[in-house]
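What follows is a single structure, written as structure tokens, with notes after it.
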Amino acid sequence: MANTGRSAFSQDGQYYAFCGNDGKLKIWETASGRLKHEYTPNRHLSSPCSVIGWISASSQSPGNVSPSPRKRRKRKSISEDVDHKTIVAMGSTNGKVTLYDVAAASVSATLENGHSSAITAIAWSACTGLITAANDYHIVEWNLQENGIKCKWKSGQAKVTALAILSNGKSLLSAERIIKWWNLATKHVIRTFTGHANHVNFLHPIQVDSTTTYLISSACADSHLSVWALDKNKNDKASIATLALQDEATSISILVAKELQIVVLVTTQSGQAQLFEYQPNGHTKPLKPSLNIAVAADVNQKETIQQIPILAGYLTEDEKLLLAYGSYLNLTFEKVIPDFSDKVQCLIRSEKLDTKKVKEKKEETISKIKPTAIEGDVEYLAPVTLFAGVGVPTQKRNRTTSGSQLLLKDRLENLSLNADVNTPGRTPTKGANMTQLLMQALNSKDKTILTTVLFTKNESVIRSTITRLPVEAITPLLKELTIMLQGKTYASKIAVMWLQTLIMTHAAHLMSRPDIAEILSPILSFIDAKLTLLTAVQRLKGRVSLITGQISQANEEHKDITEDSLLVYQDPDSSDEGADKDDVDLSSESDDNWEEMSDQDVQDEEDNRSVKFEDDDVDDNDSIHS
């Protein structure tokens, strides 16, 4: 699918520009569908184009030194119209901005020394001029008349991925994951908008009337568009409306229709277009599209119909849909009138399979391309065939040599995971087969093979597969693992195992890549979003543990202590053994009897003493008399 940062319609929809991984700029004329320009920048492979924007410049460019009143009156007396030039601004990975003049078919200027790293966003306004942002965390406002810098300031702690200038030219919107609203005069932030979990890739302000302005934004891996109210007096933390999409948006076109109704045309990664009719009325629920548009190819009137992907869309002033579909080798432009009789509008287009006619048409198209002026001291690099975004030198195939005559089904069976088990006497090479299947799935984007290979829990197989994986397949594998990571729990768990092994095995290669931050940023943003929930989950876990602990303690208090005892000892009953006759059962006497008995004993003891004393006296008297 098309990259939203490297393809765009011009402001009037007359041209469509695209710069692919090969670094070549292609410009089509939408009315005729003809490829009008093809330009190869200098060192297009070492510093390819990273973002594209359209400029409608004139001799009185905004932000430049204004001419004297005498010259202004003289120019106005000659002609009331200003000579506008349609220019494509290409930001490259080396921090330079190249301005390509469509009418002259040449480079009109190159803006340098503004950024030290890759350009990430471009914005243009007729009353403000050209503004760019880059990986160096700076925003630059350019002076196009002198090809220099008008103003430069720091954007923040994160990379800016989208820019937009308000219609009055006094404010600027920049976005990372947080959207900032800047005052261009003071370079101060008016307010911020938070709500996107990933990097924002699209910003579009909409002025409905003189007092009301809205902002529509989208982010990577988001299946919706967010609508914000640009009001300095409000501080809404959430968007006022949401437009639900089937998939991530690849291009967005917006038009304000009659009765202050906002019409939004969105193309998604699934290759379809969705049309929204939004009336700002405080509607907070996700708004579904009014119309879904799809293009299909009727190949020789067969039963199966193949979908033709829609790459981009543009809303014309008469509310028609200008769609660009097909591939960039054979791109087709068509104006479609929306049919709201049904929610789905499917366009069946016949596909010509005559190779000879297609070749003749291509040669005729190339012959009509306006030649491009060649720069001095040009250093072009050798062309390469890109493997999912990474350059790999091509190897010519010898068609005369006789290859394998096996059917495709038999070849896939030979590459299957069970091939070593079914073949007796063969050394198991499951990791090698997995690697071959994984590379085939990444190249063909076959979901069935990807699911077969990636959904495995065997760590040794994963390690063996990653070890044999070539470095060209690391980036596409990371993209697939990022999608899995955002899925359900099981898929996320499997993706974590693959990511851990991949990063540990190919850490040196990943660290040597200049775009490592861009490759891993979706994964890091997803991890940050999950970590924000960790504190709340821990608090909830603590509360649940406290409640369950109190319930368990209450149950233990009401529980018989002898229920789970290993040994219970009980004293024998005295009634069973038979008491001795001489033993006195003291427990049978009452307390009163016990007291009476105690007094009687004391009295008996005193009487015994008195009797003894009397006997002693008698004995003494007898001794005296004797």
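Here, A, B, ... name the chains of the structure tokens in the order displayed, residue numbers run from 1 inside each chain, and ligands are numbered from 1 in the same displayed order.
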Non-local contacts of segment 176-183 of chain A (9 Å; only C-alpha atoms; under 5 positions in same chain excluded) as a ChimeraX atom specification: /A:158-162,170-171,188-201,219,230,525
Only N, CA, C and O atoms, please: the residues just picked out, written as a short mmCIF file (atom, residue, chain, number, x, y, z; two decimals), in the first residue's frame.
```cif
data_model
loop_
_atom_site.label_atom_id
_atom_site.label_comp_id
_atom_site.auth_asym_id
_atom_site.auth_seq_id
_atom_site.Cartn_x
_atom_site.Cartn_y
_atom_site.Cartn_z
N ALA A 158 10.00 14.66 21.70
CA ALA A 158 9.69 13.55 20.81
C ALA A 158 9.71 14.04 19.36
O ALA A 158 9.69 15.24 19.08
N LYS A 159 9.76 13.07 18.45
CA LYS A 159 9.82 13.37 17.01
C LYS A 159 8.46 13.81 16.51
O LYS A 159 7.44 13.14 16.72
N VAL A 160 8.41 14.94 15.82
CA VAL A 160 7.17 15.44 15.22
C VAL A 160 6.91 14.67 13.93
O VAL A 160 7.77 14.58 13.05
N THR A 161 5.72 14.10 13.81
CA THR A 161 5.37 13.29 12.65
C THR A 161 4.29 13.90 11.77
O THR A 161 3.97 13.35 10.73
N ALA A 162 3.71 15.04 12.17
CA ALA A 162 2.68 15.69 11.36
C ALA A 162 2.64 17.17 11.70
O ALA A 162 2.84 17.57 12.85
N LYS A 170 -1.74 32.22 11.71
CA LYS A 170 -1.18 32.67 12.99
C LYS A 170 -0.87 31.51 13.93
O LYS A 170 -0.23 31.72 14.95
N SER A 171 -1.35 30.33 13.59
CA SER A 171 -1.18 29.19 14.49
C SER A 171 -0.65 28.00 13.71
O SER A 171 -0.87 27.88 12.49
N HIS A 188 4.94 29.89 21.53
CA HIS A 188 4.46 29.29 22.77
C HIS A 188 3.30 28.35 22.46
O HIS A 188 2.54 28.57 21.50
N VAL A 189 3.15 27.33 23.29
CA VAL A 189 2.08 26.35 23.11
C VAL A 189 0.80 26.91 23.72
O VAL A 189 0.75 27.26 24.91
N ILE A 190 -0.26 26.98 22.90
CA ILE A 190 -1.55 27.47 23.38
C ILE A 190 -2.24 26.41 24.23
O ILE A 190 -2.69 26.67 25.33
N ARG A 191 -2.31 25.19 23.73
CA ARG A 191 -2.88 24.07 24.47
C ARG A 191 -2.46 22.78 23.78
O ARG A 191 -1.91 22.80 22.67
N THR A 192 -2.70 21.66 24.44
CA THR A 192 -2.35 20.35 23.90
C THR A 192 -3.58 19.46 23.83
O THR A 192 -4.56 19.68 24.55
N PHE A 193 -3.48 18.43 22.97
CA PHE A 193 -4.55 17.45 22.81
C PHE A 193 -3.93 16.06 22.97
O PHE A 193 -2.99 15.72 22.27
N THR A 194 -4.45 15.29 23.90
CA THR A 194 -3.95 13.94 24.15
C THR A 194 -5.07 12.94 23.94
O THR A 194 -6.23 13.22 24.25
N GLY A 195 -4.70 11.78 23.42
CA GLY A 195 -5.70 10.74 23.17
C GLY A 195 -5.21 9.65 22.24
O GLY A 195 -5.79 8.57 22.21
N HIS A 196 -4.14 9.91 21.49
CA HIS A 196 -3.58 8.92 20.58
C HIS A 196 -2.49 8.13 21.29
O HIS A 196 -1.63 8.70 21.97
N ALA A 197 -2.52 6.80 21.12
CA ALA A 197 -1.51 5.94 21.74
C ALA A 197 -0.25 5.83 20.89
O ALA A 197 0.83 5.56 21.42
N ASN A 198 -0.37 6.06 19.57
CA ASN A 198 0.77 5.95 18.66
C ASN A 198 1.04 7.31 18.01
O ASN A 198 0.33 8.29 18.26
N HIS A 199 2.05 7.34 17.17
CA HIS A 199 2.44 8.59 16.52
C HIS A 199 1.36 9.03 15.53
O HIS A 199 0.87 8.24 14.73
N VAL A 200 1.03 10.30 15.58
CA VAL A 200 0.02 10.88 14.68
C VAL A 200 0.64 11.04 13.30
O VAL A 200 1.75 11.56 13.16
N ASN A 201 -0.07 10.61 12.26
CA ASN A 201 0.45 10.72 10.89
C ASN A 201 -0.37 11.66 10.01
O ASN A 201 -0.04 11.83 8.83
N ALA A 219 -3.73 8.37 13.67
CA ALA A 219 -2.43 7.90 14.14
C ALA A 219 -2.16 6.51 13.59
O ALA A 219 -3.06 5.84 13.06
N LEU A 230 -11.00 23.27 18.19
CA LEU A 230 -9.90 24.22 18.41
C LEU A 230 -10.45 25.46 19.09
O LEU A 230 -10.84 26.43 18.43
N SER A 525 5.90 2.47 21.94
CA SER A 525 4.66 3.18 22.31
C SER A 525 3.61 2.23 22.84
O SER A 525 2.87 2.56 23.78
#
```
Point-to-point distance from atom CA of Arg6 of chain A to atom CA of Thr482 of chain A, Å rounded to tenths: 21.9 Å
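Between atom CA of Gly313 of chain A and atom CA of Arg349 of chain A the separation is 17.2 Å.
Using only C-alpha atoms, the protein and nucleic acid residues lying no more than 10 Å from Leu502 of chain A, apart from those fewer than 5 places from it along its own chain, are A:Ile462, A:Arg463, A:Thr465, A:Ile466, A:Thr467, A:Leu469, A:Ile474, A:Leu477, A:Leu478, A:Val496, A:Met497, A:Ala507, A:Leu510.
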Residues near Leu454 of chain A, cut-off 8 Å, only C-alpha atoms, skip fewer than 6 positions along chain, as a VMD selection string: chain A and resid 494 to 495 498
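Residue nearest Thr30 of chain A, chosen from A:Tyr15, A:Phe526, A:Trp124, A:Trp54 and counting only C-alpha atoms: A:Tyr15.
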Counting only C-alpha atoms, the option among A:Thr98, A:Gln14, A:Ser217, A:Asn281 closest to Val51 of chain A: A:Thr98
Polymer residues at most 9 Å from Ser327 of chain A, only C-alpha atoms, same-chain spacing of 3 or more positions, as number ranges by chain: A: 1, 308-311, 324, 330-332
Separation of atom CA of Ile254 of chain A from atom CA of Ser223 of chain A in Å: 17.6 Å
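Closest approach to Cys127 of chain A among A:Gly169, A:Val107, A:Leu534, A:Gln145: A:Gly169, based on only C-alpha atoms.
When DSSP is run on the backbone, the residues of segment 164-372 of chain A that fall into alpha helix (DSSP H) are Thr355, Lys356, Lys357, Val358, Lys359, Glu360, Lys361, Lys362, Glu363, Glu364, Thr365, Ile366 and Ser367 of chain A.
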Take the residues from that selection and put them in a file with N, CA and C atoms, as an mmCIF file, in the first residue's frame.
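This went into out_26.cif:
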```cif
data_model
loop_
_atom_site.group_PDB
_atom_site.id
_atom_site.type_symbol
_atom_site.label_atom_id
_atom_site.label_comp_id
_atom_site.auth_asym_id
_atom_site.auth_seq_id
_atom_site.Cartn_x
_atom_site.Cartn_y
_atom_site.Cartn_z
ATOM 1 N N THR A 355 -0.370 -8.456 -22.757
ATOM 2 C CA THR A 355 0.944 -7.928 -22.401
ATOM 3 C C THR A 355 1.476 -6.978 -23.464
ATOM 4 N N LYS A 356 1.193 -7.283 -24.687
ATOM 5 C CA LYS A 356 1.696 -6.449 -25.772
ATOM 6 C C LYS A 356 1.077 -5.059 -25.725
ATOM 7 N N LYS A 357 -0.242 -4.999 -25.473
ATOM 8 C CA LYS A 357 -0.907 -3.699 -25.413
ATOM 9 C C LYS A 357 -0.438 -2.901 -24.204
ATOM 10 N N VAL A 358 -0.245 -3.587 -23.092
ATOM 11 C CA VAL A 358 0.228 -2.888 -21.902
ATOM 12 C C VAL A 358 1.620 -2.326 -22.130
ATOM 13 N N LYS A 359 2.476 -3.108 -22.810
ATOM 14 C CA LYS A 359 3.826 -2.643 -23.085
ATOM 15 C C LYS A 359 3.812 -1.447 -24.030
ATOM 16 N N GLU A 360 2.963 -1.508 -25.063
ATOM 17 C CA GLU A 360 2.870 -0.376 -25.991
ATOM 18 C C GLU A 360 2.373 0.872 -25.286
ATOM 19 N N LYS A 361 1.380 0.678 -24.389
ATOM 20 C CA LYS A 361 0.849 1.824 -23.655
ATOM 21 C C LYS A 361 1.914 2.427 -22.750
ATOM 22 N N LYS A 362 2.732 1.567 -22.132
ATOM 23 C CA LYS A 362 3.783 2.055 -21.255
ATOM 24 C C LYS A 362 4.840 2.822 -22.042
ATOM 25 N N GLU A 363 5.241 2.304 -23.205
ATOM 26 C CA GLU A 363 6.229 3.004 -24.029
ATOM 27 C C GLU A 363 5.687 4.335 -24.517
ATOM 28 N N GLU A 364 4.377 4.359 -24.858
ATOM 29 C CA GLU A 364 3.778 5.620 -25.304
ATOM 30 C C GLU A 364 3.755 6.636 -24.164
ATOM 31 N N THR A 365 3.482 6.150 -22.965
ATOM 32 C CA THR A 365 3.434 7.047 -21.815
ATOM 33 C C THR A 365 4.811 7.618 -21.507
ATOM 34 N N ILE A 366 5.826 6.756 -21.542
ATOM 35 C CA ILE A 366 7.176 7.213 -21.235
ATOM 36 C C ILE A 366 7.672 8.204 -22.279
ATOM 37 N N SER A 367 7.253 8.023 -23.510
ATOM 38 C CA SER A 367 7.698 8.925 -24.559
ATOM 39 C C SER A 367 7.135 10.331 -24.375
#
```
Spatial neighbours of segment 284-297 of chain A, 8 Å, only C-alpha atoms, chain gap at least 4 places, as a PDB file with C-alpha atoms, in the first residue's frame:
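Done, and the output landed in out35.pdb:
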```pdb
ATOM      1  CA  ILE A 240     -15.591  15.521  20.642  1.00  0.00           C
ATOM      2  CA  ALA A 241     -16.266  12.860  17.993  1.00  0.00           C
ATOM      3  CA  THR A 242     -14.784   9.704  16.471  1.00  0.00           C
ATOM      4  CA  LEU A 243     -15.065   8.377  12.918  1.00  0.00           C
ATOM      5  CA  ALA A 244     -14.819   4.568  12.832  1.00  0.00           C
ATOM      6  CA  LEU A 245     -12.637   2.980  10.114  1.00  0.00           C
ATOM      7  CA  GLY A 271      -7.567  -1.012  -0.199  1.00  0.00           C
ATOM      8  CA  GLN A 272     -11.048   0.456   0.230  1.00  0.00           C
ATOM      9  CA  ALA A 273     -12.409   3.994   0.560  1.00  0.00           C
ATOM     10  CA  GLN A 274     -14.877   5.243   3.149  1.00  0.00           C
ATOM     11  CA  LEU A 275     -16.976   8.400   2.909  1.00  0.00           C
ATOM     12  CA  PHE A 276     -18.236  10.220   6.018  1.00  0.00           C
ATOM     13  CA  GLU A 277     -20.784  13.014   6.259  1.00  0.00           C
ATOM     14  CA  ILE A 305     -13.369 -11.295  -8.608  1.00  0.00           C
ATOM     15  CA  GLN A 306     -10.049  -9.841  -7.497  1.00  0.00           C
ATOM     16  CA  GLN A 307      -9.964  -6.595  -5.537  1.00  0.00           C
ATOM     17  CA  ILE A 308      -8.009  -3.648  -6.921  1.00  0.00           C
ATOM     18  CA  PRO A 309      -6.551  -1.616  -4.036  1.00  0.00           C
ATOM     19  CA  ILE A 310      -7.463   2.063  -3.787  1.00  0.00           C
ATOM     20  CA  TYR A 325      -6.302   2.700  -7.712  1.00  0.00           C
ATOM     21  CA  PRO A 338     -21.090   8.638  -4.779  1.00  0.00           C
ATOM     22  CA  ASP A 339     -24.200   6.453  -4.782  1.00  0.00           C
ATOM     23  CA  PHE A 340     -25.891   6.515  -1.371  1.00  0.00           C
ATOM     24  CA  ASP A 342     -26.626   1.326  -0.725  1.00  0.00           C
ATOM     25  CA  LYS A 343     -23.978   1.399   1.989  1.00  0.00           C
ATOM     26  CA  VAL A 344     -21.461  -0.345  -0.285  1.00  0.00           C
ATOM     27  CA  GLN A 345     -20.576   0.860  -3.773  1.00  0.00           C
ATOM     28  CA  CYS A 346     -18.517  -1.672  -5.694  1.00  0.00           C
ATOM     29  CA  LEU A 347     -16.886  -0.631  -8.971  1.00  0.00           C
ATOM     30  CA  ILE A 348     -16.233  -3.525 -11.372  1.00  0.00           C
ATOM     31  CA  ARG A 349     -13.480  -2.643 -13.797  1.00  0.00           C
ATOM     32  CA  SER A 350     -12.191  -4.937 -16.516  1.00  0.00           C
ATOM     33  CA  GLU A 351      -8.466  -5.632 -16.435  1.00  0.00           C
TER      34      GLU A 351
END
```
Polymer residues at most 12 Å from Ala257 of chain A, only C-alpha atoms, same-chain spacing of 6 or more positions, as a list in words: Ile206, Gln207, Val208, Asp209, Val263, Val264, Phe276, Glu277, Tyr278, Gln279, Leu315, Thr316, Glu317, Asp318, Glu319 and Lys320 of chain A
Those same residues - all heavy atoms - I'd like them written as a compact mmCIF listing (two decimals), in the first residue's frame.
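Output file result_30.txt is given in full below:
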```txt
# COMPACT_ATOMS: atom_id res chain seq x y z
N ILE A 206 -10.07 22.37 10.05
CA ILE A 206 -11.23 22.71 9.22
C ILE A 206 -11.90 23.93 9.82
O ILE A 206 -12.33 23.90 10.98
CB ILE A 206 -12.24 21.55 9.17
CG1 ILE A 206 -11.55 20.25 8.76
CG2 ILE A 206 -13.38 21.85 8.24
CD1 ILE A 206 -12.39 19.04 8.99
N GLN A 207 -11.97 25.01 9.05
CA GLN A 207 -12.66 26.21 9.50
C GLN A 207 -14.08 26.21 8.93
O GLN A 207 -14.29 26.41 7.74
CB GLN A 207 -11.90 27.47 9.06
CG GLN A 207 -12.50 28.75 9.62
CD GLN A 207 -11.65 29.96 9.35
OE1 GLN A 207 -10.59 29.85 8.72
NE2 GLN A 207 -12.06 31.13 9.82
N VAL A 208 -15.04 25.96 9.82
CA VAL A 208 -16.44 25.88 9.40
C VAL A 208 -17.01 27.26 9.16
O VAL A 208 -17.67 27.52 8.16
CB VAL A 208 -17.26 25.10 10.45
CG1 VAL A 208 -18.72 25.03 10.03
CG2 VAL A 208 -16.70 23.70 10.63
N ASP A 209 -16.79 28.19 10.10
CA ASP A 209 -17.21 29.57 9.92
C ASP A 209 -16.13 30.47 10.54
O ASP A 209 -15.03 30.01 10.85
CB ASP A 209 -18.59 29.82 10.55
CG ASP A 209 -18.66 29.33 11.99
OD1 ASP A 209 -17.62 29.33 12.66
OD2 ASP A 209 -19.76 28.95 12.44
N VAL A 263 -17.44 16.73 4.95
CA VAL A 263 -17.36 15.49 4.18
C VAL A 263 -15.91 15.01 4.23
O VAL A 263 -14.98 15.77 3.92
CB VAL A 263 -17.82 15.69 2.73
CG1 VAL A 263 -17.79 14.36 1.98
CG2 VAL A 263 -19.22 16.29 2.68
N VAL A 264 -15.72 13.76 4.63
CA VAL A 264 -14.38 13.19 4.80
C VAL A 264 -14.27 11.93 3.95
O VAL A 264 -15.11 11.03 4.06
CB VAL A 264 -14.09 12.86 6.28
CG1 VAL A 264 -12.67 12.33 6.44
CG2 VAL A 264 -14.30 14.08 7.16
N PHE A 276 -17.50 9.79 4.84
CA PHE A 276 -18.24 10.22 6.02
C PHE A 276 -18.90 11.57 5.74
O PHE A 276 -18.31 12.43 5.07
CB PHE A 276 -17.31 10.37 7.24
CG PHE A 276 -16.70 9.09 7.70
CD1 PHE A 276 -15.52 8.63 7.14
CD2 PHE A 276 -17.29 8.35 8.70
CE1 PHE A 276 -14.94 7.45 7.57
CE2 PHE A 276 -16.71 7.16 9.14
CZ PHE A 276 -15.55 6.72 8.58
N GLU A 277 -20.09 11.73 6.26
CA GLU A 277 -20.78 13.01 6.26
C GLU A 277 -21.05 13.38 7.72
O GLU A 277 -21.94 12.83 8.37
CB GLU A 277 -22.09 12.94 5.47
CG GLU A 277 -21.88 12.74 3.98
CD GLU A 277 -23.18 12.66 3.21
OE1 GLU A 277 -24.24 12.39 3.83
OE2 GLU A 277 -23.16 12.87 1.99
N TYR A 278 -20.24 14.30 8.22
CA TYR A 278 -20.25 14.60 9.65
C TYR A 278 -20.81 15.99 9.87
O TYR A 278 -20.35 16.97 9.25
CB TYR A 278 -18.84 14.49 10.22
CG TYR A 278 -18.71 14.97 11.64
CD1 TYR A 278 -19.38 14.33 12.68
CD2 TYR A 278 -17.92 16.07 11.95
CE1 TYR A 278 -19.27 14.77 13.99
CE2 TYR A 278 -17.79 16.51 13.26
CZ TYR A 278 -18.47 15.86 14.27
OH TYR A 278 -18.36 16.30 15.56
N GLN A 279 -21.79 16.08 10.74
CA GLN A 279 -22.36 17.36 11.14
C GLN A 279 -21.97 17.62 12.59
O GLN A 279 -22.40 16.89 13.49
CB GLN A 279 -23.90 17.33 11.01
CG GLN A 279 -24.57 18.67 11.29
CD GLN A 279 -24.33 19.67 10.17
OE1 GLN A 279 -24.33 19.30 8.99
NE2 GLN A 279 -24.10 20.92 10.51
N LEU A 315 -11.33 14.67 -2.64
CA LEU A 315 -12.67 15.23 -2.78
C LEU A 315 -12.61 16.50 -3.63
O LEU A 315 -11.91 17.46 -3.27
CB LEU A 315 -13.26 15.55 -1.40
CG LEU A 315 -13.86 14.39 -0.61
CD1 LEU A 315 -14.18 14.83 0.81
CD2 LEU A 315 -15.11 13.86 -1.29
N THR A 316 -13.31 16.49 -4.76
CA THR A 316 -13.33 17.66 -5.63
C THR A 316 -14.37 18.67 -5.13
O THR A 316 -15.16 18.38 -4.23
CB THR A 316 -13.67 17.24 -7.07
OG1 THR A 316 -14.95 16.60 -7.10
CG2 THR A 316 -12.63 16.26 -7.58
N GLU A 317 -14.35 19.87 -5.71
CA GLU A 317 -15.26 20.92 -5.28
C GLU A 317 -16.72 20.57 -5.54
O GLU A 317 -17.61 21.02 -4.81
CB GLU A 317 -14.91 22.23 -5.99
CG GLU A 317 -13.54 22.79 -5.61
CD GLU A 317 -13.47 23.22 -4.15
OE1 GLU A 317 -14.53 23.51 -3.57
OE2 GLU A 317 -12.36 23.22 -3.59
N ASP A 318 -17.00 19.78 -6.57
CA ASP A 318 -18.38 19.36 -6.85
C ASP A 318 -18.76 18.09 -6.09
O ASP A 318 -19.72 17.42 -6.46
CB ASP A 318 -18.56 19.16 -8.35
CG ASP A 318 -17.52 18.20 -8.93
OD1 ASP A 318 -16.62 17.77 -8.17
OD2 ASP A 318 -17.59 17.91 -10.13
N GLU A 319 -17.99 17.76 -5.02
CA GLU A 319 -18.25 16.64 -4.13
C GLU A 319 -18.20 15.29 -4.85
O GLU A 319 -18.89 14.34 -4.48
CB GLU A 319 -19.61 16.81 -3.42
CG GLU A 319 -19.68 18.04 -2.54
CD GLU A 319 -20.97 18.09 -1.75
OE1 GLU A 319 -21.62 17.04 -1.61
OE2 GLU A 319 -21.33 19.19 -1.29
N LYS A 320 -17.36 15.20 -5.88
CA LYS A 320 -17.10 13.91 -6.51
C LYS A 320 -15.83 13.31 -5.91
O LYS A 320 -15.02 14.00 -5.29
CB LYS A 320 -16.94 14.08 -8.02
CG LYS A 320 -18.22 14.48 -8.73
CD LYS A 320 -18.01 14.57 -10.23
CE LYS A 320 -19.29 14.97 -10.94
NZ LYS A 320 -19.11 15.06 -12.42
```
